[in-house]
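Participant: As input, take my_file_18.cif (mmCIF, C-alpha atoms and all ligand atoms):
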data_input
#
loop_
_atom_site.label_atom_id
_atom_site.label_comp_id
_atom_site.auth_asym_id
_atom_site.auth_seq_id
_atom_site.Cartn_x
_atom_site.Cartn_y
_atom_site.Cartn_z
CA MET A 1 72.75 -41.90 24.33
CA GLY A 2 74.73 -39.41 26.38
CA LYS A 3 73.99 -38.55 29.97
CA ASN A 4 71.28 -36.29 31.28
CA ILE A 5 71.77 -33.17 33.37
CA LEU A 6 70.02 -32.33 36.61
CA ILE A 7 69.45 -28.68 37.49
CA SER A 8 68.53 -27.58 40.97
CA ASN A 9 68.42 -24.07 42.17
CA SER A 10 67.75 -22.04 45.23
CA ASN A 11 68.92 -18.76 43.76
CA LYS A 12 66.11 -16.66 42.32
CA ASN A 13 68.21 -13.51 42.10
CA ILE A 14 70.52 -13.36 39.11
CA ASN A 15 73.36 -10.90 38.66
CA GLN A 16 75.91 -11.97 36.08
CA THR A 17 77.76 -11.24 32.84
CA ILE A 18 77.39 -13.90 30.18
CA GLU A 19 79.74 -14.03 27.16
CA LEU A 20 77.83 -15.62 24.32
CA THR A 21 79.46 -17.36 21.39
CA GLY A 22 79.14 -15.93 17.89
CA SER A 23 75.96 -16.27 15.88
CA LYS A 24 75.74 -19.68 14.22
CA SER A 25 73.74 -18.22 11.32
CA GLU A 26 76.19 -15.41 10.66
CA SER A 27 79.18 -17.74 11.07
CA ASN A 28 77.86 -20.30 8.60
CA ARG A 29 77.24 -17.62 5.97
CA ALA A 30 80.67 -16.15 6.61
CA LEU A 31 82.34 -19.54 6.09
CA ILE A 32 80.71 -20.09 2.69
CA ILE A 33 81.52 -16.53 1.61
CA GLN A 34 85.11 -16.96 2.76
CA ALA A 35 85.44 -20.26 0.89
CA LEU A 36 84.28 -18.58 -2.33
CA SER A 37 86.33 -15.42 -1.84
CA LYS A 38 89.77 -16.68 -2.90
CA GLY A 39 91.28 -15.57 0.39
CA LYS A 40 89.80 -12.09 0.33
CA VAL A 41 87.32 -12.41 3.21
CA GLN A 42 88.44 -12.73 6.83
CA ILE A 43 86.19 -13.68 9.74
CA GLU A 44 86.29 -12.45 13.32
CA ASN A 45 84.53 -14.11 16.28
CA LEU A 46 83.47 -17.30 14.53
CA SER A 47 80.94 -19.29 16.58
CA SER A 48 81.96 -22.30 18.65
CA ALA A 49 78.64 -23.96 17.72
CA ALA A 50 79.08 -27.57 16.63
CA ASP A 51 77.14 -26.76 13.44
CA THR A 52 79.78 -24.15 12.58
CA VAL A 53 82.71 -26.41 13.47
CA THR A 54 81.21 -29.12 11.24
CA LEU A 55 80.77 -26.77 8.30
CA ASP A 56 84.26 -25.36 8.74
CA ASN A 57 85.78 -28.87 8.73
CA ILE A 58 83.86 -29.94 5.64
CA LEU A 59 84.94 -26.81 3.75
CA LYS A 60 88.56 -27.40 4.76
CA ASN A 61 88.40 -31.05 3.68
CA ALA A 62 86.76 -30.05 0.41
CA ALA A 63 89.52 -27.51 -0.26
CA ALA A 64 92.09 -30.25 0.39
CA GLY A 65 90.28 -32.56 -2.05
CA ASN A 66 89.59 -35.00 0.75
CA ILE A 67 85.86 -35.48 0.71
CA ALA A 68 84.35 -38.87 -0.14
CA GLU A 69 81.47 -38.00 2.17
CA ALA A 70 80.35 -34.73 3.76
CA ASN A 71 78.35 -35.46 6.91
CA VAL A 72 76.71 -32.38 8.45
CA GLY A 73 75.16 -34.23 11.40
CA PRO A 74 72.12 -32.25 12.56
CA ALA A 75 73.14 -28.90 10.98
CA GLY A 76 70.33 -27.68 8.72
CA THR A 77 72.15 -24.59 7.45
CA ALA A 78 75.29 -26.61 6.72
CA MET A 79 73.23 -29.11 4.69
CA ARG A 80 71.42 -26.43 2.72
CA PHE A 81 74.39 -24.09 2.19
CA LEU A 82 76.72 -26.95 1.19
CA ALA A 83 74.22 -28.35 -1.32
CA SER A 84 74.71 -25.23 -3.45
CA TYR A 85 78.37 -24.65 -2.64
CA LEU A 86 79.55 -28.20 -3.42
CA THR A 87 77.37 -28.32 -6.54
CA VAL A 88 78.62 -25.13 -8.17
CA LYS A 89 82.21 -25.97 -7.22
CA GLY A 90 81.73 -29.39 -8.86
CA ILE A 91 82.93 -31.24 -5.76
CA ASN A 92 81.93 -34.86 -6.20
CA THR A 93 80.72 -36.17 -2.85
CA VAL A 94 77.84 -37.58 -0.84
CA LEU A 95 76.19 -34.90 1.28
CA THR A 96 74.45 -36.48 4.26
CA GLY A 97 73.48 -36.01 7.90
CA THR A 98 71.67 -37.55 10.87
CA GLU A 99 68.53 -39.67 10.54
CA ARG A 100 66.53 -36.53 11.33
CA MET A 101 68.39 -34.63 8.60
CA LYS A 102 67.21 -37.30 6.16
CA GLN A 103 63.63 -36.27 7.04
CA ARG A 104 64.18 -32.53 6.60
CA PRO A 105 63.05 -31.49 3.09
CA ILE A 106 65.51 -30.21 0.52
CA GLY A 107 63.59 -30.81 -2.74
CA ILE A 108 62.84 -27.12 -3.37
CA LEU A 109 66.55 -26.29 -3.29
CA VAL A 110 67.59 -29.34 -5.33
CA ASP A 111 65.00 -28.48 -8.00
CA ALA A 112 66.40 -24.93 -8.21
CA LEU A 113 69.99 -26.22 -8.42
CA ARG A 114 69.01 -28.71 -11.13
CA HIS A 115 67.33 -25.89 -13.05
CA ILE A 116 70.52 -23.84 -13.08
CA GLY A 117 72.64 -26.83 -14.08
CA GLY A 118 73.48 -28.97 -11.02
CA GLU A 119 72.79 -32.63 -11.74
CA ILE A 120 72.20 -33.70 -8.14
CA VAL A 121 70.91 -37.23 -7.49
CA TYR A 122 68.92 -38.45 -4.47
CA ILE A 123 70.57 -41.49 -2.90
CA GLU A 124 67.66 -42.61 -0.70
CA ASN A 125 64.36 -40.71 -0.79
CA GLU A 126 63.22 -38.22 -3.42
CA GLY A 127 63.27 -34.72 -1.94
CA PHE A 128 65.50 -35.54 1.05
CA PRO A 129 69.20 -36.01 1.89
CA PRO A 130 71.53 -37.76 1.31
CA LEU A 131 72.51 -36.17 -2.01
CA GLN A 132 75.03 -37.27 -4.59
CA ILE A 133 76.81 -34.11 -5.73
CA PRO A 134 78.24 -34.39 -9.27
CA SER A 135 81.82 -33.59 -10.24
CA GLN A 136 80.94 -31.05 -12.87
CA PHE A 137 78.81 -27.92 -13.02
CA ILE A 138 77.91 -25.97 -16.14
CA GLN A 139 75.50 -23.10 -15.63
CA LYS A 140 72.39 -23.60 -17.76
CA SER A 141 70.17 -20.82 -16.51
CA GLU A 142 70.62 -17.48 -14.81
CA ALA A 143 67.13 -17.22 -13.31
CA VAL A 144 65.12 -19.54 -11.12
CA LYS A 145 61.80 -19.53 -9.29
CA ILE A 146 61.83 -20.74 -5.70
CA LYS A 147 59.13 -21.21 -3.08
CA GLY A 148 59.69 -18.93 -0.09
CA ASP A 149 57.33 -20.36 2.51
CA ILE A 150 59.04 -23.60 3.56
CA SER A 151 62.56 -22.49 4.54
CA SER A 152 64.51 -19.31 3.89
CA GLN A 153 67.69 -21.42 4.01
CA TYR A 154 67.12 -22.53 0.39
CA ILE A 155 67.13 -18.90 -0.71
CA THR A 156 70.17 -18.01 1.37
CA SER A 157 71.99 -21.01 -0.06
CA LEU A 158 71.46 -19.77 -3.62
CA LEU A 159 72.22 -16.14 -2.78
CA LEU A 160 75.55 -17.12 -1.26
CA ILE A 161 76.78 -18.74 -4.50
CA ALA A 162 75.06 -16.31 -6.93
CA SER A 163 78.01 -13.96 -7.50
CA PHE A 164 80.30 -16.93 -8.15
CA LEU A 165 78.14 -18.17 -11.05
CA PRO A 166 79.46 -17.10 -14.47
CA LYS A 167 76.07 -15.60 -15.39
CA GLY A 168 75.04 -14.45 -11.91
CA LEU A 169 71.58 -15.38 -10.65
CA THR A 170 68.10 -13.92 -10.31
CA LEU A 171 65.75 -15.53 -7.79
CA GLU A 172 62.01 -15.12 -8.10
CA ILE A 173 60.49 -15.91 -4.73
CA GLU A 174 57.08 -17.54 -4.98
CA GLY A 175 54.53 -17.29 -2.19
CA GLU A 176 55.22 -15.68 1.16
CA LEU A 177 58.81 -15.43 2.34
CA THR A 178 59.23 -17.04 5.75
CA SER A 179 62.08 -16.18 8.14
CA ARG A 180 62.75 -13.05 6.07
CA PRO A 181 65.43 -11.52 8.37
CA TYR A 182 67.67 -14.48 7.57
CA VAL A 183 67.60 -13.53 3.87
CA GLU A 184 68.35 -9.93 4.82
CA MET A 185 71.25 -11.18 6.96
CA THR A 186 72.67 -13.04 3.95
CA LEU A 187 72.43 -9.98 1.73
CA GLY A 188 73.86 -7.83 4.51
CA PHE A 189 76.94 -10.04 4.79
CA LEU A 190 77.37 -10.24 1.00
CA GLU A 191 77.11 -6.46 0.83
CA GLN A 192 79.81 -6.09 3.50
CA CYS A 193 82.07 -8.07 1.14
CA GLY A 194 81.33 -5.76 -1.78
CA ILE A 195 78.64 -7.81 -3.52
CA LYS A 196 75.99 -5.69 -5.26
CA TYR A 197 72.42 -6.88 -5.55
CA THR A 198 68.94 -5.61 -6.31
CA TRP A 199 65.76 -6.70 -4.55
CA ASN A 200 62.57 -5.56 -6.22
CA ASP A 201 59.25 -7.04 -5.16
CA ASN A 202 59.89 -10.78 -5.14
CA LYS A 203 63.02 -10.75 -7.33
CA ILE A 204 66.55 -10.72 -5.98
CA ALA A 205 69.29 -10.36 -8.62
CA ILE A 206 73.03 -10.77 -8.08
CA PRO A 207 75.34 -10.37 -11.10
CA HIS A 208 78.60 -12.26 -11.42
CA GLN A 209 81.25 -10.35 -9.47
CA GLU A 210 84.30 -10.74 -7.22
CA PHE A 211 84.41 -10.30 -3.45
CA ASN A 212 86.31 -7.32 -2.04
CA GLU A 213 89.04 -7.59 0.57
CA SER A 214 86.92 -7.47 3.72
CA LYS A 215 86.39 -8.66 7.26
CA LEU A 216 83.13 -10.09 8.55
CA ILE A 217 82.66 -9.54 12.26
CA VAL A 218 80.27 -12.08 13.73
CA GLU A 219 77.97 -10.69 16.41
CA PRO A 220 77.12 -12.86 19.43
CA ASP A 221 74.15 -15.16 18.96
CA TRP A 222 70.79 -13.54 19.66
CA SER A 223 68.99 -16.90 19.73
CA ALA A 224 71.36 -17.88 22.55
CA ALA A 225 70.69 -14.52 24.23
CA SER A 226 66.99 -15.38 24.31
CA TYR A 227 67.57 -17.99 27.06
CA TRP A 228 68.98 -15.28 29.31
CA TYR A 229 65.85 -13.26 28.72
CA ALA A 230 63.92 -16.33 29.81
CA PHE A 231 65.95 -16.68 33.02
CA ALA A 232 65.37 -12.98 33.73
CA ALA A 233 61.63 -13.23 33.06
CA LEU A 234 61.24 -16.10 35.54
CA ALA A 235 63.62 -14.82 38.27
CA ASP A 236 62.62 -12.69 41.26
CA SER A 237 65.29 -10.21 40.33
CA ALA A 238 67.83 -10.18 37.51
CA THR A 239 70.53 -8.00 36.04
CA ILE A 240 72.32 -9.79 33.21
CA THR A 241 75.01 -8.19 31.06
CA LEU A 242 75.44 -9.56 27.53
CA PRO A 243 78.51 -7.98 25.91
CA TYR A 244 78.81 -7.10 22.21
CA LEU A 245 75.18 -7.50 21.22
CA ARG A 246 74.08 -4.66 18.96
CA GLN A 247 70.88 -2.69 18.80
CA ASN A 248 71.08 -2.71 14.99
CA SER A 249 71.56 -6.41 14.50
CA LEU A 250 71.40 -8.43 11.32
CA GLN A 251 69.84 -11.21 13.39
CA GLY A 252 66.05 -11.31 13.38
CA ASP A 253 66.11 -12.97 16.79
CA SER A 254 67.00 -9.57 18.27
CA ALA A 255 63.18 -9.29 18.24
CA ILE A 256 63.50 -10.90 21.68
CA VAL A 257 64.11 -7.38 23.05
CA GLU A 258 60.61 -6.25 22.11
CA ILE A 259 58.93 -9.56 22.86
CA MET A 260 60.38 -9.83 26.37
CA SER A 261 59.45 -6.25 27.19
CA HIS A 262 55.95 -7.76 27.49
CA PHE A 263 57.24 -10.33 30.00
CA GLY A 264 58.89 -7.88 32.40
CA VAL A 265 62.40 -7.79 30.94
CA LYS A 266 63.86 -4.40 30.16
CA THR A 267 66.85 -4.03 27.79
CA THR A 268 69.34 -1.18 27.93
CA PHE A 269 71.99 -0.95 25.22
CA ASN A 270 75.31 0.70 25.97
CA GLU A 271 78.70 1.03 24.21
CA THR A 272 79.75 -2.47 25.21
CA GLY A 273 76.58 -4.46 24.67
CA LEU A 274 73.40 -4.67 26.67
CA ILE A 275 72.03 -5.11 30.15
CA LEU A 276 68.76 -6.81 30.76
CA GLU A 277 66.80 -6.35 33.95
CA LYS A 278 63.73 -7.81 35.49
CA VAL A 279 61.11 -5.10 36.03
CA SER A 280 57.59 -5.49 37.26
CA THR A 281 55.24 -4.96 34.36
CA PRO A 282 51.83 -6.51 33.90
CA LEU A 283 51.76 -9.21 31.21
CA ASP A 284 50.05 -7.06 28.61
CA SER A 285 50.53 -8.61 25.19
CA LYS A 286 48.46 -11.58 24.14
CA PHE A 287 49.50 -12.08 20.51
CA PHE A 288 52.94 -12.82 19.09
CA ASP A 289 53.81 -13.39 15.42
CA LEU A 290 57.06 -15.37 15.28
CA LYS A 291 57.27 -15.85 11.49
CA ASN A 292 60.41 -13.72 11.33
CA CYS A 293 62.05 -15.35 14.34
CA PRO A 294 61.02 -19.03 14.53
CA ASP A 295 63.99 -20.00 16.71
CA LEU A 296 62.55 -17.88 19.53
CA ALA A 297 59.34 -19.90 19.66
CA GLN A 298 60.38 -22.39 22.33
CA THR A 299 61.96 -19.72 24.54
CA VAL A 300 58.92 -17.46 24.49
CA ILE A 301 56.25 -20.16 24.68
CA VAL A 302 57.87 -21.83 27.72
CA VAL A 303 58.18 -18.47 29.53
CA SER A 304 54.59 -17.57 28.74
CA ALA A 305 53.39 -20.98 29.93
CA ALA A 306 55.40 -20.84 33.17
CA LEU A 307 53.99 -17.38 33.94
CA GLY A 308 50.46 -18.63 33.27
CA HIS A 309 50.05 -16.08 30.49
CA GLU A 310 47.57 -17.43 27.95
CA ALA A 311 49.05 -15.81 24.87
CA THR A 312 48.46 -16.77 21.24
CA PHE A 313 51.32 -17.40 18.82
CA THR A 314 51.35 -17.43 15.06
CA GLY A 315 53.92 -17.87 12.30
CA LEU A 316 54.95 -21.29 13.61
CA GLU A 317 54.46 -23.27 10.36
CA THR A 318 58.16 -24.04 9.89
CA LEU A 319 58.59 -25.50 13.38
CA LYS A 320 57.49 -28.97 12.33
CA ILE A 321 60.50 -29.47 10.01
CA LYS A 322 63.27 -28.29 12.32
CA GLU A 323 65.51 -30.45 14.57
CA THR A 324 62.30 -32.16 15.64
CA ASP A 325 58.61 -31.36 15.26
CA ARG A 326 58.88 -28.51 17.75
CA ILE A 327 55.12 -28.08 18.11
CA LYS A 328 54.65 -31.69 19.16
CA ALA A 329 57.73 -31.51 21.40
CA LEU A 330 56.43 -28.36 23.12
CA GLN A 331 52.97 -29.87 23.59
CA GLU A 332 54.35 -33.04 25.15
CA GLN A 333 56.74 -31.29 27.52
CA LEU A 334 54.42 -28.43 28.54
CA ALA A 335 51.88 -31.09 29.54
CA LYS A 336 54.30 -31.91 32.38
CA ILE A 337 53.41 -28.57 34.00
CA GLY A 338 49.76 -28.91 33.06
CA VAL A 339 49.80 -26.48 30.13
CA LYS A 340 48.21 -27.12 26.73
CA LEU A 341 49.31 -25.55 23.43
CA ILE A 342 46.20 -25.63 21.31
CA GLU A 343 46.28 -25.31 17.52
CA LYS A 344 43.47 -23.57 15.66
CA ASP A 345 43.71 -22.14 12.13
CA LEU A 346 47.49 -21.64 12.26
CA ASN A 347 47.25 -19.97 15.67
CA TYR A 348 48.57 -21.63 18.82
CA THR A 349 47.08 -20.63 22.15
CA LEU A 350 48.26 -21.57 25.61
CA ASP A 351 45.71 -22.97 28.03
CA CYS A 352 47.28 -22.61 31.48
CA SER A 353 44.22 -23.63 33.50
CA GLY A 354 46.02 -26.75 34.75
CA LEU A 355 49.37 -25.04 35.42
CA HIS A 356 51.26 -26.57 38.34
CA PHE A 357 54.89 -27.11 39.23
CA PRO A 358 55.79 -30.60 40.41
CA GLU A 359 58.79 -31.11 42.76
CA LYS A 360 60.71 -32.64 39.90
CA ILE A 361 60.29 -32.87 36.13
CA PHE A 362 62.09 -34.71 33.38
CA ILE A 363 62.31 -32.92 30.03
CA ASN A 364 62.73 -34.91 26.82
CA THR A 365 64.79 -33.01 24.26
CA TYR A 366 64.21 -34.90 20.97
CA GLU A 367 67.80 -34.20 19.79
CA ASP A 368 66.85 -30.52 19.75
CA HIS A 369 69.23 -28.06 21.46
CA ARG A 370 66.46 -25.50 21.84
CA MET A 371 64.24 -27.89 23.82
CA ALA A 372 67.02 -28.23 26.42
CA MET A 373 67.87 -24.54 26.59
CA ALA A 374 64.27 -23.30 26.59
CA PHE A 375 63.14 -25.62 29.41
CA ALA A 376 66.18 -25.17 31.69
CA PRO A 377 64.92 -21.81 33.08
CA LEU A 378 61.98 -23.74 34.58
CA ALA A 379 64.44 -24.57 37.34
CA LEU A 380 63.45 -21.19 38.78
CA PHE A 381 59.99 -22.67 39.51
CA VAL A 382 60.65 -26.41 39.83
CA LYS A 383 63.04 -27.79 42.47
CA GLU A 384 64.69 -30.28 40.16
CA VAL A 385 64.68 -30.21 36.39
CA GLU A 386 66.31 -33.14 34.65
CA ILE A 387 67.11 -32.52 31.00
CA GLU A 388 67.68 -35.39 28.60
CA GLU A 389 71.03 -35.58 26.80
CA GLU A 390 73.23 -32.87 28.29
CA ARG A 391 75.36 -32.37 25.14
CA VAL A 392 72.40 -31.67 22.86
CA VAL A 393 73.17 -27.95 23.41
CA ASP A 394 76.48 -28.26 21.53
CA LYS A 395 74.71 -27.64 18.23
CA SER A 396 74.55 -23.90 18.82
CA TYR A 397 75.75 -23.11 22.37
CA PRO A 398 78.37 -25.56 23.72
CA HIS A 399 79.08 -23.67 26.97
CA TYR A 400 75.40 -23.22 27.89
CA TRP A 401 75.59 -25.35 31.05
CA GLU A 402 78.75 -23.62 32.28
CA ASP A 403 76.87 -20.34 31.96
CA VAL A 404 73.88 -21.75 33.83
CA ARG A 405 76.27 -22.80 36.60
CA LYS A 406 77.69 -19.26 36.59
CA ILE A 407 74.33 -17.76 37.58
CA GLY A 408 74.33 -19.90 40.71
CA PHE A 409 72.45 -23.03 39.68
CA THR A 410 73.63 -26.47 40.79
CA LEU A 411 74.18 -28.93 37.97
CA SER A 412 74.93 -32.61 38.21
O1 LIG B 501 69.46 -19.16 7.68
C1 LIG B 501 69.62 -19.46 8.86
O2 LIG B 501 70.72 -19.32 9.44
C2 LIG B 501 68.48 -20.00 9.62
C3 LIG B 501 67.19 -19.85 9.15
C4 LIG B 501 66.00 -20.32 9.88
O3 LIG B 501 65.48 -21.46 9.20
P1 LIG B 501 64.19 -21.40 8.22
O4 LIG B 501 64.45 -20.43 7.15
O5 LIG B 501 64.13 -22.81 7.72
O6 LIG B 501 63.02 -21.01 9.06
C5 LIG B 501 66.33 -20.69 11.33
O7 LIG B 501 65.27 -21.42 11.89
C6 LIG B 501 67.60 -21.48 11.43
O8 LIG B 501 67.92 -21.81 12.75
C7 LIG B 501 68.77 -20.69 10.89
C1 LIG B 502 66.49 -24.69 13.13
C2 LIG B 502 67.74 -24.56 13.58
O1 LIG B 502 68.88 -24.91 12.91
P1 LIG B 502 69.09 -25.64 11.51
O2 LIG B 502 67.86 -25.48 10.66
O3 LIG B 502 70.28 -24.96 10.92
O4 LIG B 502 69.37 -27.08 11.81
C3 LIG B 502 67.98 -23.96 14.91
O5 LIG B 502 69.15 -23.70 15.26
O6 LIG B 502 67.03 -23.74 15.67
#
Turn this file's structure into structure tokens for me.
Ligand SMILES: O=C(O)C1=C[C@@H](OP(=O)(O)O)[C@@H](O)[C@H](O)C1
Ligand SMILES: C=C(OP(=O)(O)O)C(=O)O
Facilitator:
Amino acid sequence: MGKNILISNSNKNINQTIELTGSKSESNRALIIQALSKGKVQIENLSSAADTVTLDNILKNAAAGNIAEANVGPAGTAMRFLASYLTVKGINTVLTGTERMKQRPIGILVDALRHIGGEIVYIENEGFPPLQIPSQFIQKSEAVKIKGDISSQYITSLLLIASFLPKGLTLEIEGELTSRPYVEMTLGFLEQCGIKYTWNDNKIAIPHQEFNESKLIVEPDWSAASYWYAFAALADSATITLPYLRQNSLQGDSAIVEIMSHFGVKTTFNETGLILEKVSTPLDSKFFDLKNCPDLAQTVIVVSAALGHEATFTGLETLKIKETDRIKALQEQLAKIGVKLIEKDLNYTLDCSGLHFPEKIFINTYEDHRMAMAFAPLALFVKEVEIEEERVVDKSYPHYWEDVRKIGFTLS
């Protein structure tokens, strides 16, 4: 166990520029593409997220033939993207991660990889990491059906390696596609590297082809930006500049712009990025569908709860299989300010009738970076917020606390 961090704050007026690191999702796609590109794809502004550093190191070790075990720690995308990459490259290794990673399902992806020829073996539990990746791959099939409603990462994983396969690959997505913008992001990056694809109804087809000489420029991380929207929403006044974020982003979490317009945060894009400002608007929207942007759930639900806004949220089905069961984690921690998150028929509604702010609260983080980052802005309403396990934020946003200090909060 690492140490906790205590946040206290007397500054309710925020005026600051925050330089975010690159998107972890874009970076992790870029790294797999680069590894398959035979030196043709360059990357600019790679994320400093621990999940990206981990993936980068594993790919480098794999290229050097030095890979008895590939341990992704808590990085879901690294686990899912490497399962396909290592398999089709025939890199014999054990692919593993944290205890939590061993509870995050991967059976849908392994079944698809087995169908196309990858003879992956489960080392512990059927359907879950760790995986034994075989030393040989011979493509057996050029089409595979895959369920779309559990995690889009399985689909991204297969799309990333599709053009490398001798026969290419056609995916038939079964059921509803969750986290759809992440699949679009994958195709967007592949397209920037010259890969042609077709997407008709539920079928995505990518023929065998080579990557072009190209450069992938990673945009700053919109999920990380969401915490600055939260600070703005809870402050008395706020003007926060976030350089390099784009209005036309490949990241679905840019939906935070629209969502936070209902919580009194106005976004203005300019040539160098964006400025967000606190404005006084009535809390008007009561219903939010987060199916396309699940990583925003904690940010938005905590803000809504703290403002006593009894909104309803949907599209949260995938939250239970992320770094922790995020629904349970939210329910347990929101109870500390007297708020309930009530589940009914796949909708989650906030009951703020007991809302109160104690002098001090302790927030458990469940090894989930987003629990820490989403609850920290409560320090605008609570004198002292103690957050469990300071370094949990490293997964996606290692300099988060330095940035919180920058806006005038005291951290110890
Ligand atoms: O492809 C990606 O980069 C991601 C996809 C999403 O996962 P799901 O598709 O499992 O919802 C998201 O929650 C995760 O943080 C990153
Ligand atoms: C769910 C997340 O990441 P991953 O699935 O890659 O572990 C996240 O960053 O919120």
Participant: Set the distance at 6 Å and use only C-alpha atoms: which residues neighbour region 80-88 of chain A once local chain neighbours fewer than 3 positions away are removed? I'd like the list as a ChimeraX atom specification.
Facilitator: /A:77,91,118,133,137,157
Participant: To check your reading of the model: which residues sit at most 6 Å from ligand LIG 501 (chain B) when counting all atoms listed in the file? Write the answer as a short mmCIF file (atom, residue, chain, number, x, y, z; two decimals) with C-alpha atoms, in the coordinates of the input.
Facilitator:
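out11.cif, freshly written:
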data_model
loop_
_atom_site.label_atom_id
_atom_site.label_comp_id
_atom_site.auth_asym_id
_atom_site.auth_seq_id
_atom_site.Cartn_x
_atom_site.Cartn_y
_atom_site.Cartn_z
CA SER A 25 73.74 -18.22 11.32
CA THR A 77 72.15 -24.59 7.45
CA SER A 151 62.56 -22.49 4.54
CA SER A 152 64.51 -19.31 3.89
CA GLN A 153 67.69 -21.42 4.01
CA SER A 179 62.08 -16.18 8.14
CA TYR A 182 67.67 -14.48 7.57
CA PRO A 294 61.02 -19.03 14.53
CA ASP A 295 63.99 -20.00 16.71
CA THR A 318 58.16 -24.04 9.89
#
Participant: Could you please give me, as a tab-separated table (two decimals) with C-alpha atoms, keeping the file's coordinate frame, the residues of protein, DNA or RNA lying at most 9 Å from (68.7, -19.0, 26.3) in the coordinate frame of the file, considering only C-alpha atoms?
Facilitator:
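Below you can see out_28.tsv, which holds the result:
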chain	number	residue	atom	x	y	z
A	222	TRP	CA	70.79	-13.54	19.66
A	223	SER	CA	68.99	-16.90	19.73
A	224	ALA	CA	71.36	-17.88	22.55
A	225	ALA	CA	70.69	-14.52	24.23
A	226	SER	CA	66.99	-15.38	24.31
A	227	TYR	CA	67.57	-17.99	27.06
A	228	TRP	CA	68.98	-15.28	29.31
A	229	TYR	CA	65.85	-13.26	28.72
A	230	ALA	CA	63.92	-16.33	29.81
A	231	PHE	CA	65.95	-16.68	33.02
A	299	THR	CA	61.96	-19.72	24.54
A	370	ARG	CA	66.46	-25.50	21.84
A	373	MET	CA	67.87	-24.54	26.59
A	374	ALA	CA	64.27	-23.30	26.59
A	376	ALA	CA	66.18	-25.17	31.69
A	377	PRO	CA	64.92	-21.81	33.08
A	400	TYR	CA	75.40	-23.22	27.89
Participant: Could you give me the residues within 6 Å of ligand LIG 502 (chain B), counting all atoms listed in the file, as a PyMOL selection string?
Facilitator: chain A and resi 74-77+295+322-323
Participant: List the neighbours of Tyr397 (chain A) out to 10 Å using only C-alpha atoms; skip same-chain residues closer than 5 positions along the sequence, and give me the result as a PyMOL selection string.
Facilitator: chain A and resi 20-24+47-51+221+223-224+369-370+373+391-392
Participant: Within 6 Å of Asn4 (chain A), counting all atoms listed in the file, which residues show up once you throw out same-chain ones fewer than 4 positions away? Write them as a PyMOL selection string, please.
Facilitator: chain A and resi 387-390
Participant: Please, could you write that set of residues out with C-alpha atoms as an mmCIF file, in the frame of the given file?
Facilitator:
data_model
loop_
_atom_site.group_PDB
_atom_site.id
_atom_site.type_symbol
_atom_site.label_atom_id
_atom_site.label_comp_id
_atom_site.auth_asym_id
_atom_site.auth_seq_id
_atom_site.Cartn_x
_atom_site.Cartn_y
_atom_site.Cartn_z
ATOM 1 C CA ILE A 387 67.110 -32.520 31.000
ATOM 2 C CA GLU A 388 67.680 -35.390 28.600
ATOM 3 C CA GLU A 389 71.030 -35.580 26.800
ATOM 4 C CA GLU A 390 73.230 -32.870 28.290
#
Participant: Just the residues within 9 Å of Asn92 (chain A), please, counting all atoms listed in the file, with nothing from its chain fewer than 3 positions along; format it as a list in words.
Facilitator: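 Final neighbour list, sorted by chain and number: Ile67, Ala68, Glu69, Leu86, Thr87, Lys89, Gln132, Ile133, Pro134, Ser135 and Gln136 of chain A.
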Participant: Find the residues around Ser353 (chain A) up to 9 Å (all atoms listed in the file counted), leave out those fewer than 2 positions away in its own chain, and share them as a list in words.
Facilitator: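 That gives Gly308, Glu310, Gly338, Val339, Lys340, Asp351 and Leu355 of chain A.
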Participant: Save the residues we just selected, C-alpha atoms, as a JSON list (two decimals), keeping the file's coordinate frame?
Facilitator:
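The resulting file, part.json, is shown below:
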[["chain", "number", "residue", "atom", "x", "y", "z"],
["A", 308, "GLY", "CA", 50.46, -18.63, 33.27],
["A", 310, "GLU", "CA", 47.57, -17.43, 27.95],
["A", 338, "GLY", "CA", 49.76, -28.91, 33.06],
["A", 339, "VAL", "CA", 49.80, -26.48, 30.13],
["A", 340, "LYS", "CA", 48.21, -27.12, 26.73],
["A", 351, "ASP", "CA", 45.71, -22.97, 28.03],
["A", 355, "LEU", "CA", 49.37, -25.04, 35.42]]
Participant: Nearest to Lys40 (chain A) among A:Asp253, A:Asp111, A:Glu210, A:Asp56, with distances taken over all atoms listed in the file: which residue is it?
Facilitator: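 Nearest to Lys40 (chain A): A:Glu210.
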Participant: So which one's closest to Gly354 (chain A), A:Leu95, A:Asn248, A:Leu283, A:Leu334? Using all atoms listed in the file, please.
Facilitator: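 Smallest separation from Gly354 (chain A) among the options: A:Leu334.
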Participant: What's the separation between CA of Gly90 (chain A) and CA of Ser37 (chain A), in Å to one decimal place?
Facilitator: 16.3 Å
Participant: Would you please work out which residue, of A:Ala311, A:Ala305, A:Val53, A:Ile173, is nearest to Ala335 (chain A) when using only C-alpha atoms?
Facilitator: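 Ranking A:Ala311, A:Ala305, A:Val53, A:Ile173 by distance to Ala335 (chain A), first place goes to A:Ala305.
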